[in-house]
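For reference, the structure is listed below as structure tokens.
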Amino acid sequence: MSVETVAPAEADASARPMDLLRFATAGSVDDGKSTLIGRLLYDTKSLFTDQLAAVEAVSAARGDEYTNLALLTDGLRAEREQGITIDVAYRYFATPRRKFIIADTPGHIQYTRNMVTGASTADLALILVDARKGLVEQSRRHAFLCSLLRVPHLVLCVNKMDLVDWSQEVFEQIADEFTAFAAKLDVPDLTVVPISALQGDNIVTRSENMPWYEGPSLLHHLERVHIASDRNLVDVRFPVQYVIRPQSTTVTDYRGYAGQVASGVLKAGDEVMVLPSGFTSRIASVETADGPVDEAFPPMSVTVRLADEIDISRGDMICRPNNAPTVAQDIEAMICWMDETRPLQVGGKYAIKHTTRSARAIVRGLHYRLDVNSLHRDETAGELKLNEIGRVRLRTTVPLLADEYRRNRTTGGFVIIDEATNRTVGAGMIVEAG
Amino acid sequence: MTAPAAYQVSHLDALEAESIFVMREVVAEMERPVLLFSGGKDSIVMLRLAQKAFAPANIPFPVMHVDTGHNFPEVLEYRDQRVAELGLQLIVASVPEALAKGLVRESADGMRNRIQTPVLLDAVEKHRFDALFGGARRDEEKARAKERVFSFRDEFGQWDPKNQRPELWSLYNGRHHPGESIRVFPLSNWTELDVWHYIARERIPLPSIYYAHQREVIERDGMLYAVNEFFRGRAGEQPFKAQVRYRTVGDASCTAAVRSDADTVEKVIEEVAATRITERGATRGDDRVSEAAMEDRKREGYF
């Protein structure tokens with residue numbers, strides 16, 4: 001691997017604070033995903049010499065022909081022994097503009113669970129294809145899962161361009177085919193980049209081998225993709241996490257509602273409504289440990305104080321009287337099942353966690369199971385097994401304060417927990433409430 | 001926090017908000033949390049985040065120090081001072097006491113890293129803690145890169161890496177049966193550099209050994225170990241004076257120093273930004289045992 005360095009901090013980098021981009025990568029070793037991640041870490045000086053030396057030593061001992069960068073992320077004993085990636089690995093790197101968190105997920109169908117997990121928090125997803133092979137079933141599945149999880153930005157990297165003579169024609173054919181497929185899904189923003197992860201083309205700097213490509217390098221795109229507008233700043237949603245009431249002689253009569261802003265902007269003086277009670281009040285102040293703030297917005301963790309004393313506890317939601325989530329016990333949702341031991345079945349009872357609220361739920365119906373490769377809906381399906389996705393109807397013991405997932409990833413997503421084993425067995429995305 | 005018109009937050013603010021959310025989630029849902037406090041920089045940052053999460057109330061849980069008996073005096077002094085300032089309850093799980101009672105036996109190499117685990121698990125059982133905050137970060141080590149923020153432990157304190165709960169969005173599953181527990185890592189997404197930037201921004205005092213000072217050391221396996229009552233040179237090892245600082249603070253018998261002139265937080269940030277070796281790789285003899293040394297220890301119930 002050649003040594004390249006990142007351009008020094010640009011003049012404007014110091015003027016704005018460094019922000020945070022979370023992205024998920026999907027693919028298998030064959031697509032060159034590990035090489036790409038290794039390259040990004042190496043070229044941004046985020047890969048350390050002792051890590052590289054350890055990987056080189058293990059690679060050499062195993063008789064690998066080249067340094068197997070997959071070993072950087074395959075950290076578990078079982079993964080190294082079996083040469084497979086089992087679980088999501090988190091990696092970190094930074095440039096002067098941004099800090100990046102990579103959720104590196106294995107690509108095969110049996111790991112749909114992991115890809116869904118990685119995509120749930122991602123601002124951007126990166127899908128790799130091998131230029132020689134073009135789109136395969138796996139690429140379409142990954143694109144579908146990204147759209148299901150509402151990842152706002154998608155990047156298709158057409159890798160191994162060196163092996164197709166840097167051909168513009170090959171690239172454009174793959175890009176066109178993928179763009180046409182993505183149009184059928186809900187993909188708000190798609191970028192396609194021709195790269196060679198092995199040789200470093202279009203990773204940090206623009207490739208000299210592909211003068212026909214006029215777009216940015218991958219890192220340039222990752223550094224500049226506009227994510228600020230992805231957050232919902234319209235619908236005020238503040239799930240109450242914890243009530244702060246100091247038992248102290250110096251601070252008396254203090255009652256604050258602690259939580260993380262899910263969406264919208266909160267400020268002192270705003271009229272608010274508290275659900276599920278429906279009581280209204282006014283925000284007296286929005287506070288942090290460092291003092292009051294003028295406004296709170298996602299992802300800030302703050303404490304909200306209200307003008308009136310009303311009964312509020314964990315699991316309640318502060319919103320606006322004219323813009324509130326649906327208070328509902330009947331929920332229509334897409335479910336990704338994650339349990340290998342027992343399938344989801346109609347009539348099954350589970351615990352669910354939605355925002356800071358917990359409830360029990362019964363599965364009232366399974367409308368269909370979705371084939372993640374063909375998008376075919378099987379309406380005869382009677383259950384969902386591990387890694388299967390379907391649309392279900394749930395009835396909950398207490399009302400959820402719910403939004404559609406497509407409008408709000410925080411108040412539209414929930415997890416399903418098996419009450420006997422306490423394991424997380426499913427992920428839900430609300431399609432319709434009420 | 002600063003609130004620019006564009007409604008954007010810096011990466012440090014985003015990390016801080018996430019960590020505070022995690023800590024509040026634990027206190028809201030778990031019965032008996034405790035914060036593992038070693039006097040190292042990560043647990044010090046965690047303590048600051050706990051202060052912020054529950055202000056103006058006090059931190060609503062005790063702190064626990066697993067004391068190997070091999071301590072840097074500067075760190076013990078710092079620990080006691082910090083605990084007194086914050087009015088916290090300090091629980092010391094003592095390895096020397098466990099040795100005296102015969103609960104554990106000294107390992108052949110004299111390192112106490114591994115025998116901390118039974119002492120920790122014993123204290124967890126005695127105090128019936130069901131949630132333990134740890135300062136571990138995913139960038140530290142490859143097994144940790146795959147560990148959840150809420151990491152389930154069975155009744156033997158064991159981690160099963162192949163049987164972890166999926167963790168989606170910010171929905172953490174802390175459910176457990178009696179005797180089981182959850183290790184919680186609020187700093188999972190922080191890097192060493194993030195921690196130092198935060199220490200600078202928040203002006204958090206640290207034990208003095210984190211900054212450059214003169215110390216008598218011995219070089220072994222390419223690492224610099226301080227000469228003290230727990231670490232004496234073998235035949236042929238020549239102690240010498242060097243300008244060093246500690247990048248990590250652990251057991252004084254297996255934590256090494258690095259050569260450094262960084263005597264201020266700004267200089268440390270410069271040094272950490274430029275370094276090409278991971279902090280555990282540079283300073284921890286205990287991780288050098290094998291490829292999967294950390295995973296193996298975590299399976300046994302290590303931090």
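Each chain of the structure tokens is named A, B, ... in the order shown, its residues numbered from 1; ligands are numbered from 1 in display order.
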Pick out the chain A residues within 7 Å of chain B. Count only C-alpha atoms. Give them as JSON, numbers by chain.
{"A": [17, 18, 19, 20, 48, 49, 50, 73, 75, 76, 77, 87, 88, 89, 90, 91, 92, 99, 117, 120, 121, 228, 241, 242, 244, 245, 246, 259, 260, 289, 297, 299, 300, 301, 353, 355, 422, 423, 424]}
If we count only C-alpha atoms, what is near A:Ala180 at a cut-off of 12 Å, once residues fewer than 5 positions away on the same chain are taken out, given as a PyMOL selection string?
chain A and resi 135+140+143+172-175+185-187+190
Save the residues we just selected, N, CA and C atoms, as a PDB file, in the first residue's frame?
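part_7.pdb was written with the following content:
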ATOM      1  N   LEU A 135     -23.883  -5.299 -11.128  1.00  0.00           N
ATOM      2  CA  LEU A 135     -24.820  -5.457 -10.015  1.00  0.00           C
ATOM      3  C   LEU A 135     -25.132  -6.919  -9.812  1.00  0.00           C
ATOM      4  N   ARG A 140     -28.581  -5.212  -4.879  1.00  0.00           N
ATOM      5  CA  ARG A 140     -29.977  -4.770  -4.854  1.00  0.00           C
ATOM      6  C   ARG A 140     -30.556  -4.923  -3.451  1.00  0.00           C
ATOM      7  N   ALA A 143     -29.312  -2.096  -1.293  1.00  0.00           N
ATOM      8  CA  ALA A 143     -29.996  -0.840  -1.620  1.00  0.00           C
ATOM      9  C   ALA A 143     -31.399  -0.838  -1.013  1.00  0.00           C
ATOM     10  N   GLU A 172     -20.569   3.409 -16.642  1.00  0.00           N
ATOM     11  CA  GLU A 172     -21.864   4.037 -16.895  1.00  0.00           C
ATOM     12  C   GLU A 172     -22.995   3.032 -17.001  1.00  0.00           C
ATOM     13  N   GLN A 173     -22.661   1.879 -17.503  1.00  0.00           N
ATOM     14  CA  GLN A 173     -23.679   0.838 -17.596  1.00  0.00           C
ATOM     15  C   GLN A 173     -24.146   0.416 -16.194  1.00  0.00           C
ATOM     16  N   ILE A 174     -23.161   0.221 -15.290  1.00  0.00           N
ATOM     17  CA  ILE A 174     -23.504  -0.169 -13.917  1.00  0.00           C
ATOM     18  C   ILE A 174     -24.251   0.970 -13.216  1.00  0.00           C
ATOM     19  N   ALA A 175     -23.754   2.198 -13.405  1.00  0.00           N
ATOM     20  CA  ALA A 175     -24.378   3.361 -12.761  1.00  0.00           C
ATOM     21  C   ALA A 175     -25.826   3.522 -13.228  1.00  0.00           C
ATOM     22  N   LEU A 185     -37.059   2.484  -5.478  1.00  0.00           N
ATOM     23  CA  LEU A 185     -37.023   2.508  -4.016  1.00  0.00           C
ATOM     24  C   LEU A 185     -37.144   3.950  -3.558  1.00  0.00           C
ATOM     25  N   ASP A 186     -37.076   4.120  -2.240  1.00  0.00           N
ATOM     26  CA  ASP A 186     -37.119   5.462  -1.707  1.00  0.00           C
ATOM     27  C   ASP A 186     -35.694   5.895  -1.378  1.00  0.00           C
ATOM     28  N   VAL A 187     -34.955   6.329  -2.372  1.00  0.00           N
ATOM     29  CA  VAL A 187     -33.572   6.739  -2.143  1.00  0.00           C
ATOM     30  C   VAL A 187     -33.457   8.227  -2.451  1.00  0.00           C
ATOM     31  N   LEU A 190     -28.442   9.820  -4.288  1.00  0.00           N
ATOM     32  CA  LEU A 190     -27.553   8.752  -4.755  1.00  0.00           C
ATOM     33  C   LEU A 190     -26.352   9.344  -5.472  1.00  0.00           C
TER      34      LEU A 190
END
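Taking atom CA of B:Val227 as the reference point, atom CA of B:Val119 is found at 26.2 Å.
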Pick the closest to A:Asp43 from A:Pro188, A:Gly264, A:Pro194, A:Gly200: which is it, counting only C-alpha atoms?
A:Gly200
B:Gly233 surroundings by only C-alpha atoms, 10 Å radius, close-in-sequence under 6 positions cut, as a PDB file with N, CA and C atoms, in the first residue's frame:
ATOM      1  N   VAL B 217      13.239   4.768  34.649  1.00  0.00           N
ATOM      2  CA  VAL B 217      12.552   3.691  33.925  1.00  0.00           C
ATOM      3  C   VAL B 217      13.515   2.590  33.511  1.00  0.00           C
ATOM      4  N   ILE B 218      12.895   1.466  33.122  1.00  0.00           N
ATOM      5  CA  ILE B 218      13.631   0.343  32.552  1.00  0.00           C
ATOM      6  C   ILE B 218      12.985   0.034  31.216  1.00  0.00           C
ATOM      7  N   GLU B 219      13.800  -0.280  30.215  1.00  0.00           N
ATOM      8  CA  GLU B 219      13.230  -0.619  28.916  1.00  0.00           C
ATOM      9  C   GLU B 219      13.102  -2.136  28.796  1.00  0.00           C
ATOM     10  N   ARG B 220      11.873  -2.599  28.497  1.00  0.00           N
ATOM     11  CA  ARG B 220      11.650  -4.037  28.322  1.00  0.00           C
ATOM     12  C   ARG B 220      10.673  -4.233  27.161  1.00  0.00           C
ATOM     13  N   TYR B 225       9.086   0.963  31.485  1.00  0.00           N
ATOM     14  CA  TYR B 225       8.374   0.731  32.742  1.00  0.00           C
ATOM     15  C   TYR B 225       9.034   1.522  33.864  1.00  0.00           C
ATOM     16  N   ALA B 226       8.204   2.160  34.686  1.00  0.00           N
ATOM     17  CA  ALA B 226       8.738   2.918  35.812  1.00  0.00           C
ATOM     18  C   ALA B 226       9.289   1.957  36.857  1.00  0.00           C
ATOM     19  N   VAL B 227      10.400   2.350  37.440  1.00  0.00           N
ATOM     20  CA  VAL B 227      10.947   1.558  38.534  1.00  0.00           C
ATOM     21  C   VAL B 227      10.216   1.990  39.799  1.00  0.00           C
ATOM     22  N   PRO B 239      18.350   0.688  34.870  1.00  0.00           N
ATOM     23  CA  PRO B 239      17.423   1.822  35.002  1.00  0.00           C
ATOM     24  C   PRO B 239      18.071   3.115  34.513  1.00  0.00           C
TER      25      PRO B 239
END
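Nearest residue to B:Gln81 among B:Phe185, B:Val268, B:Leu206, B:Phe240 is B:Leu206, counting only C-alpha atoms.
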Leaving out A:Thr410 and any residue of its chain fewer than 4 positions from it, which residues lie within 12 Å of it when counting only C-alpha atoms, given as an mmCIF file with C-alpha atoms, in the first residue's frame?
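Below you can see result_12.cif, which holds the result:
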data_model
loop_
_atom_site.group_PDB
_atom_site.id
_atom_site.type_symbol
_atom_site.label_atom_id
_atom_site.label_comp_id
_atom_site.auth_asym_id
_atom_site.auth_seq_id
_atom_site.Cartn_x
_atom_site.Cartn_y
_atom_site.Cartn_z
ATOM 1 C CA SER A 120 -30.347 2.179 11.656
ATOM 2 C CA THR A 121 -28.043 4.977 12.815
ATOM 3 C CA LEU A 149 -34.083 1.970 7.082
ATOM 4 C CA ARG A 150 -34.348 5.421 5.493
ATOM 5 C CA ARG A 231 -32.686 16.069 10.606
ATOM 6 C CA ASN A 232 -36.328 16.824 11.153
ATOM 7 C CA ASP A 235 -41.942 18.262 14.372
ATOM 8 C CA VAL A 236 -41.163 18.912 18.043
ATOM 9 C CA ARG A 237 -40.676 15.515 19.713
ATOM 10 C CA PHE A 238 -39.033 15.296 23.122
ATOM 11 C CA PRO A 239 -39.351 11.850 24.710
ATOM 12 C CA GLN A 260 -32.564 13.949 23.959
ATOM 13 C CA VAL A 261 -34.376 16.013 21.342
ATOM 14 C CA ALA A 262 -35.697 13.555 18.745
ATOM 15 C CA SER A 263 -36.810 16.234 16.309
ATOM 16 C CA GLY A 264 -37.881 19.861 16.116
ATOM 17 C CA PRO A 298 -31.381 17.162 17.605
ATOM 18 C CA PRO A 299 -29.189 15.516 18.858
ATOM 19 C CA PRO A 325 -47.578 12.174 17.149
ATOM 20 C CA LYS A 353 -39.275 -0.540 23.389
ATOM 21 C CA HIS A 354 -40.260 2.587 21.489
ATOM 22 C CA THR A 355 -38.527 5.907 22.289
ATOM 23 C CA THR A 356 -38.286 5.862 26.102
ATOM 24 C CA LEU A 401 -46.726 8.036 20.793
ATOM 25 C CA ALA A 402 -45.888 7.232 17.229
ATOM 26 C CA ASP A 403 -44.885 8.821 13.953
ATOM 27 C CA GLU A 404 -44.383 7.152 10.609
ATOM 28 C CA TYR A 405 -40.804 5.936 10.354
ATOM 29 C CA ARG A 406 -40.421 7.638 6.993
ATOM 30 C CA PHE A 414 -38.927 0.280 17.837
ATOM 31 C CA VAL A 415 -37.330 -2.967 18.955
ATOM 32 C CA GLY A 428 -39.805 -2.406 13.680
ATOM 33 C CA MET A 429 -40.503 0.573 11.458
ATOM 34 C CA ILE A 430 -43.926 2.124 11.834
ATOM 35 C CA LEU B 168 -30.560 -0.433 16.813
ATOM 36 C CA TRP B 169 -31.120 3.325 16.754
ATOM 37 C CA SER B 170 -30.739 4.556 20.329
ATOM 38 C CA LEU B 171 -32.915 1.791 21.767
#
Extract, using only C-alpha atoms, all DNA, RNA and protein residues at most 12 Å from B:Arg259, discarding same-chain residues fewer than 3 positions from it, and format them as number ranges by chain.
B: 210-217, 219, 222-226, 241-247, 256, 262-263, 268, 271, 275, 282-283
Enumerate, as a list in words, the complete set of residues in stretch 59-91 of chain B that a backbone-based DSSP assignment places in alpha helix (DSSP H).
Pro73, Glu74, Val75, Leu76, Glu77, Tyr78, Arg79, Asp80, Gln81, Arg82, Val83, Ala84, Glu85 and Leu86 of chain B
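Residues in contact with A:Leu52 at up to 10 Å, not including ones fewer than 2 positions away on its chain and judged by only C-alpha atoms, are Gly38, Tyr42, Leu47, Phe48, Thr49, Asp50, Ala54, Val55, Glu56, Ala57, Val58, Thr67, Asn68, Leu69, Leu71 and Leu72 of chain A; Ile277 of chain B.
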Can you tell me, as a list of chain:residue names, what residues are no more than 10 Å from A:Met210 when counting only C-alpha atoms, ignoring any on the same chain fewer than 5 positions away?
A:Met161, A:Asp162, A:Asp165, A:Trp166, A:Ser167, A:Gln168, A:Pro194, A:Ile195, A:Asp201, A:Asn202
Write the selection just made, keeping C-alpha atoms, as a PDB file, in the first residue's frame?
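For reference, out_0.pdb as written:
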ATOM      1  CA  MET A 161     -11.948  -0.153 -12.141  1.00  0.00           C
ATOM      2  CA  ASP A 162      -8.287  -1.030 -12.746  1.00  0.00           C
ATOM      3  CA  ASP A 165      -9.182  -0.841 -18.073  1.00  0.00           C
ATOM      4  CA  TRP A 166     -10.740   2.172 -16.348  1.00  0.00           C
ATOM      5  CA  SER A 167     -13.625   1.852 -18.796  1.00  0.00           C
ATOM      6  CA  GLN A 168     -16.156   4.663 -18.803  1.00  0.00           C
ATOM      7  CA  PRO A 194     -15.706   4.723  -9.905  1.00  0.00           C
ATOM      8  CA  ILE A 195     -12.806   3.611  -7.702  1.00  0.00           C
ATOM      9  CA  ASP A 201      -7.977   5.828  -7.344  1.00  0.00           C
ATOM     10  CA  ASN A 202     -10.752   8.279  -6.477  1.00  0.00           C
TER      11      ASN A 202
END
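Nearest residue to B:Leu36, choosing from B:Phe133, B:Phe156, B:Phe231, B:Tyr198 and counting only C-alpha atoms: B:Phe133.
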Using DSSP assignments from the backbone, pull out every residue in stretch 198-320 of chain A that falls under strand (DSSP E or B) and give it to me as a ChimeraX atom specification.
/A:201,237-239,242-244,256-260,263,266-267,271-275,279-288,291-292,295-296,301-306,317-320
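Here atom CA of A:Asp311 and atom CA of A:Glu295 stand 23.8 Å from one another.
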From the set B:His65, B:Met111, B:Gly301, B:Arg232, which residue has the shortest atom-to-atom contact distance to B:Glu155, counting only C-alpha atoms?
B:Gly301
